[in-house]
Amino acid sequence: MKKLLYCFVVTTFLTACESTPPPPHLALEKENISKVTPIASLESKAENKQKIDKVRYLARHLMGVEQQELFINNLQQKITEWDYSNTTIGFLASSAITGNPLSSHGLSTANQVEAALNIISYFADGSKDVIGQMWLPREVDGVEITSEDQATKEAERLSLNAIAFSLDKLGYSKPKYVGTLKEGAIKLYTAELINKYPNPKFPLQPENLTVLQLVMAYDEVKSPKQFDKLALGFTPAYQSTIAGHQIILMGGEKFDSEGNLVMATSESGQKFPEPKQDLWMTSIGREFFRKVSSQIPWIQGKDLIGNRALVYNSEIYTFFATRANSFISSRIDG
C-alpha cells in the first residue's frame, strides 16, 4: 500500500532516461527549489514552532517506529502549551474548537492515560515511504455525516473541488473525468492550459495535466485523540488510512516518431494525452499542492530518494532525515 501510487506512476508512465542534454528549464527549476527558509529560522517564533510541531505530528508515520515513540514522548512535554490550530478552510468553520483540554490547568489523570495509550496505536504499521491522509468533522456544509461510506464519498467530493480550485488558479480548465485505473481505485482527470502564454513562475508549464486521485474507504474515529484535535483544530469524526487519500499531478506530452501526440487509455476505454512526468516537486507542482491543501484538511508526503517532501495547509516542507529531533529541515518558498 505504501508505494501504491508511486509504483503505479513509475511502471505506467515514466520511461528510461535518454542520453540527451538537460532541458533549459531544469536550471530554473533548481533555482526555484533552492529558495527555502530554514526551519530553525521559522521556529525562532513560538507560534511557528507550535505550527511546525503539529505538521510533524500529522506526518509522523514517515518516521520509523522508534523515532515515532521518541517524538511522541517529546511532545508530551509540549502538549499543555498547544492551542488549537486556526483553520481557514470554509467548511470547517462550524466544527472549529478553541481552548486546550490538556492545558496545565485542566490536565486530568484520564487524559494522561489516554495520551500514553495512544502512543501504542501509532506504531502498528511502522514507517511509510508515502503518506496521504485526510480527516473530516461530523458535519460538512451543514450536512451530518452518518456513515463511513458517506464520509468516503464526501472526502472524494471535497478533494475534487480542491483540485478544481487549484487548477483554476493556475490557469487550467476544469478537471475532466476520463475514467479509472487499478480496477477503479484511481480516478483520472485531465485539464488543459487555457492561456497559452507562459507564466514566468513556472519554468515547466505543460499544456496538458493529468490528475490521479486515490480515495480509499474512510474509517469512523470512535475515540478521537486529543493530539489530533489540537493539531487539526477540529474533532475528527472520520479519517482515511495513513496512505489512503493520495493525489498525483502529472504533465507534459509524449510524441511518436511522426510527431503525433501519444494517447493513453483508461480502463473504460477513454483516451487522454499520456503524461510525460510526475510534477510533484516541480515549481508548478508545488503551487498546485499548496492550493489543494489550502482547501482540505489533508497531508501528503514522500520519503523517496531525491524526493523527501510533504505538503500541508498551503506549505511545502522538506526533510533530510526522519528522526524525532530533526524531522523537517526547511520550508520551500519557490
# chains A, B, ... in the order shown; residues from 1 in each chain; ligands from 1
$ residues_around --residues "Gly184 in chain A" --least-positions-apart "4" --cutoff "12 Å" --atoms "only C-alpha atoms" --output "JSON, numbers by chain"
{"A": [178, 179, 180, 188, 212, 213, 214, 215, 216, 266, 267, 268]}
$ write_last_selection --atoms "N, CA, C and O atoms" --output "short mmCIF file (atom, residue, chain, number, x, y, z; two decimals), in the first residue's frame"
data_model
loop_
_atom_site.label_atom_id
_atom_site.label_comp_id
_atom_site.auth_asym_id
_atom_site.auth_seq_id
_atom_site.Cartn_x
_atom_site.Cartn_y
_atom_site.Cartn_z
N VAL A 178 -11.83 11.12 -17.00
CA VAL A 178 -11.53 10.28 -18.17
C VAL A 178 -11.42 8.80 -17.79
O VAL A 178 -10.83 8.01 -18.53
N GLY A 179 -12.00 8.42 -16.65
CA GLY A 179 -12.02 7.01 -16.31
C GLY A 179 -11.18 6.66 -15.10
O GLY A 179 -10.81 7.53 -14.30
N THR A 180 -10.88 5.38 -14.97
CA THR A 180 -10.18 4.88 -13.79
C THR A 180 -9.01 3.97 -14.17
O THR A 180 -8.87 3.55 -15.32
N LEU A 188 -9.09 9.23 -12.80
CA LEU A 188 -8.25 10.06 -13.66
C LEU A 188 -9.00 11.30 -14.13
O LEU A 188 -10.16 11.23 -14.53
N LEU A 212 -4.31 12.17 -10.80
CA LEU A 212 -4.72 10.86 -10.33
C LEU A 212 -5.18 11.00 -8.89
O LEU A 212 -4.45 11.55 -8.05
N GLN A 213 -6.38 10.53 -8.61
CA GLN A 213 -6.94 10.67 -7.26
C GLN A 213 -7.27 9.29 -6.69
O GLN A 213 -8.05 8.53 -7.27
N LEU A 214 -6.66 8.98 -5.56
CA LEU A 214 -6.95 7.75 -4.84
C LEU A 214 -7.65 8.09 -3.53
O LEU A 214 -7.09 8.80 -2.69
N VAL A 215 -8.88 7.63 -3.36
CA VAL A 215 -9.61 7.82 -2.11
C VAL A 215 -10.14 6.45 -1.69
O VAL A 215 -11.13 5.96 -2.24
N MET A 216 -9.47 5.84 -0.73
CA MET A 216 -9.90 4.54 -0.24
C MET A 216 -10.92 4.72 0.88
O MET A 216 -11.18 5.84 1.33
N SER A 266 -7.80 4.74 -20.43
CA SER A 266 -8.25 4.33 -19.10
C SER A 266 -8.95 2.99 -19.19
O SER A 266 -9.17 2.44 -20.27
N GLU A 267 -9.34 2.43 -18.04
CA GLU A 267 -9.99 1.12 -18.01
C GLU A 267 -11.30 1.11 -18.78
O GLU A 267 -11.71 0.08 -19.31
N SER A 268 -11.96 2.26 -18.84
CA SER A 268 -13.24 2.34 -19.54
C SER A 268 -13.08 2.65 -21.02
O SER A 268 -14.06 2.82 -21.74
#
$ select_by_dssp --residues "range 135-330 of chain A" --states "strand (DSSP E)" --output "number ranges by chain"
A: 135-136, 139-140, 143-144, 176-181, 186-192, 208-215, 219-220, 238-239, 245-251, 263-265, 271-273, 277-278, 298-304, 307-312, 315-318, 330
$ select_by_dssp --residues "range 130-316 of chain A" --states "alpha helix (DSSP H)" --output "short mmCIF file (atom, residue, chain, number, x, y, z; two decimals) with C-alpha atoms, in the first residue's frame"
data_model
loop_
_atom_site.label_atom_id
_atom_site.label_comp_id
_atom_site.auth_asym_id
_atom_site.auth_seq_id
_atom_site.Cartn_x
_atom_site.Cartn_y
_atom_site.Cartn_z
CA GLU A 148 -18.18 5.60 6.61
CA ASP A 149 -19.47 5.22 3.05
CA GLN A 150 -20.92 8.74 3.13
CA ALA A 151 -17.63 10.05 4.56
CA THR A 152 -15.64 8.43 1.74
CA LYS A 153 -17.88 9.98 -0.92
CA GLU A 154 -17.77 13.38 0.80
CA ALA A 155 -13.98 13.27 1.05
CA GLU A 156 -13.76 12.48 -2.66
CA ARG A 157 -16.10 15.37 -3.49
CA LEU A 158 -14.19 17.86 -1.35
CA SER A 159 -10.89 16.65 -2.74
CA LEU A 160 -12.07 17.05 -6.33
CA ASN A 161 -13.34 20.55 -5.53
CA ALA A 162 -9.88 21.38 -4.15
CA ILE A 163 -8.26 20.03 -7.31
CA ALA A 164 -10.60 22.14 -9.47
CA PHE A 165 -9.86 25.22 -7.34
CA SER A 166 -6.12 24.74 -7.74
CA LEU A 167 -6.30 24.12 -11.49
CA ASP A 168 -8.38 27.26 -11.96
CA LYS A 169 -5.88 29.38 -10.02
CA GLN A 226 -6.50 14.90 21.91
CA PHE A 227 -3.33 15.28 19.83
CA ASP A 228 -5.42 15.07 16.65
CA LYS A 229 -7.93 17.64 17.89
CA LEU A 230 -5.20 20.12 18.76
CA ALA A 231 -3.25 19.61 15.54
CA LEU A 232 -6.27 19.79 13.22
CA SER A 283 7.51 24.66 -9.41
CA ILE A 284 4.02 24.25 -10.85
CA GLY A 285 3.50 21.05 -8.88
CA ARG A 286 4.36 22.69 -5.57
CA GLU A 287 1.97 25.55 -6.28
CA PHE A 288 -0.76 23.08 -7.26
CA PHE A 289 -0.39 21.19 -3.97
CA ARG A 290 -0.18 24.36 -1.91
CA LYS A 291 -3.55 25.43 -3.25
CA VAL A 292 -5.14 21.97 -2.94
CA SER A 293 -4.05 21.73 0.70
#
$ residues_around --residues "range 272-280 of chain A" --least-positions-apart "6" --cutoff "6 Å" --atoms "only C-alpha atoms" --output "number ranges by chain"
A: 249-254, 262-264
$ write_last_selection --atoms "N, CA and C atoms" --output "PDB file, in the first residue's frame"
ATOM      1  N   LEU A 249      -0.053  14.637  -9.474  1.00  0.00           N
ATOM      2  CA  LEU A 249      -0.155  15.539 -10.618  1.00  0.00           C
ATOM      3  C   LEU A 249       0.924  15.165 -11.622  1.00  0.00           C
ATOM      4  N   MET A 250       0.502  14.917 -12.855  1.00  0.00           N
ATOM      5  CA  MET A 250       1.443  14.606 -13.928  1.00  0.00           C
ATOM      6  C   MET A 250       1.188  15.538 -15.101  1.00  0.00           C
ATOM      7  N   GLY A 251       2.184  15.661 -15.967  1.00  0.00           N
ATOM      8  CA  GLY A 251       2.008  16.559 -17.095  1.00  0.00           C
ATOM      9  C   GLY A 251       3.068  16.376 -18.154  1.00  0.00           C
ATOM     10  N   GLY A 252       2.990  17.215 -19.160  1.00  0.00           N
ATOM     11  CA  GLY A 252       3.889  17.090 -20.299  1.00  0.00           C
ATOM     12  C   GLY A 252       3.279  16.182 -21.344  1.00  0.00           C
ATOM     13  N   GLU A 253       3.812  16.217 -22.523  1.00  0.00           N
ATOM     14  CA  GLU A 253       3.257  15.431 -23.621  1.00  0.00           C
ATOM     15  C   GLU A 253       4.323  14.523 -24.216  1.00  0.00           C
ATOM     16  N   LYS A 254       3.874  13.395 -24.718  1.00  0.00           N
ATOM     17  CA  LYS A 254       4.749  12.479 -25.448  1.00  0.00           C
ATOM     18  C   LYS A 254       4.318  12.457 -26.908  1.00  0.00           C
ATOM     19  N   VAL A 262       0.966  11.166 -28.253  1.00  0.00           N
ATOM     20  CA  VAL A 262       0.719   9.803 -27.781  1.00  0.00           C
ATOM     21  C   VAL A 262      -0.433   9.827 -26.778  1.00  0.00           C
ATOM     22  N   MET A 263      -1.392   8.935 -26.961  1.00  0.00           N
ATOM     23  CA  MET A 263      -2.560   8.885 -26.092  1.00  0.00           C
ATOM     24  C   MET A 263      -2.514   7.635 -25.209  1.00  0.00           C
ATOM     25  N   ALA A 264      -3.006   7.785 -23.989  1.00  0.00           N
ATOM     26  CA  ALA A 264      -3.156   6.658 -23.069  1.00  0.00           C
ATOM     27  C   ALA A 264      -4.637   6.309 -22.994  1.00  0.00           C
TER      28      ALA A 264
END
$ residues_around --residues "Leu62 in chain A" --least-positions-apart "5" --cutoff "7 Å" --atoms "only C-alpha atoms" --output "list of chain:residue names"
A:Ser127, A:Lys128, A:Asp129, A:Asp303, A:Thr322
$ write_last_selection --atoms "C-alpha atoms" --output "PDB file, in the first residue's frame"
ATOM      1  CA  SER A 127       7.173   3.993   8.955  1.00  0.00           C
ATOM      2  CA  LYS A 128       5.805   4.752   5.499  1.00  0.00           C
ATOM      3  CA  ASP A 129       7.533   5.798   2.291  1.00  0.00           C
ATOM      4  CA  ASP A 303      10.239   9.739   1.721  1.00  0.00           C
ATOM      5  CA  THR A 322      13.051  11.225   9.641  1.00  0.00           C
TER       6      THR A 322
END
$ residues_around --residues "Thr146 in chain A" --least-positions-apart "5" --cutoff "10 Å" --atoms "only C-alpha atoms" --output "ChimeraX atom specification"
/A:138-139,151,220,237-238
$ residues_around --residues "Gly132 in chain A" --least-positions-apart "2" --cutoff "10 Å" --atoms "only C-alpha atoms" --output "list of chain:residue names"
A:Lys2, A:Ala59, A:Val130, A:Met134, A:Leu214, A:Val215, A:Ser240, A:Thr241, A:Ile242, A:Ala243, A:Gly244, A:His245, A:Gln246, A:Ile247, A:Trp298, A:Ile299, A:Gln300, A:Gly301, A:Lys302, A:Leu310, A:Val311
$ residues_around --residues "range 39-42 of chain A" --least-positions-apart "4" --cutoff "8 Å" --atoms "only C-alpha atoms" --output "MDAnalysis selection string"
chainID A and resid 48:49 328:331
$ closest_residue --among "A:Gly233, A:Pro198, A:Pro203, A:Pro175" --to "Glu31 in chain A" --atoms "only C-alpha atoms"
A:Pro203
$ closest_residue --among "A:Lys196, A:Phe202, A:Ala309, A:Tyr218" --to "Ala27 in chain A" --atoms "only C-alpha atoms"
A:Phe202
$ atom_distance --atom1 "CA of Leu58 in chain A" --atom2 "CA of Gln133 in chain A"
8.8 Å
$ closest_residue --among "A:Ser173, A:Thr282, A:Gln239, A:Asn307" --to "Lys201 in chain A" --atoms "only C-alpha atoms"
A:Thr282
$ atom_distance --atom1 "CA of Tyr312 in chain A" --atom2 "CA of Thr210 in chain A"
21.2 Å
$ closest_residue --among "A:Glu29, A:Leu170, A:Ala217, A:Ser147" --to "Asn195 in chain A" --atoms "only C-alpha atoms"
A:Leu170
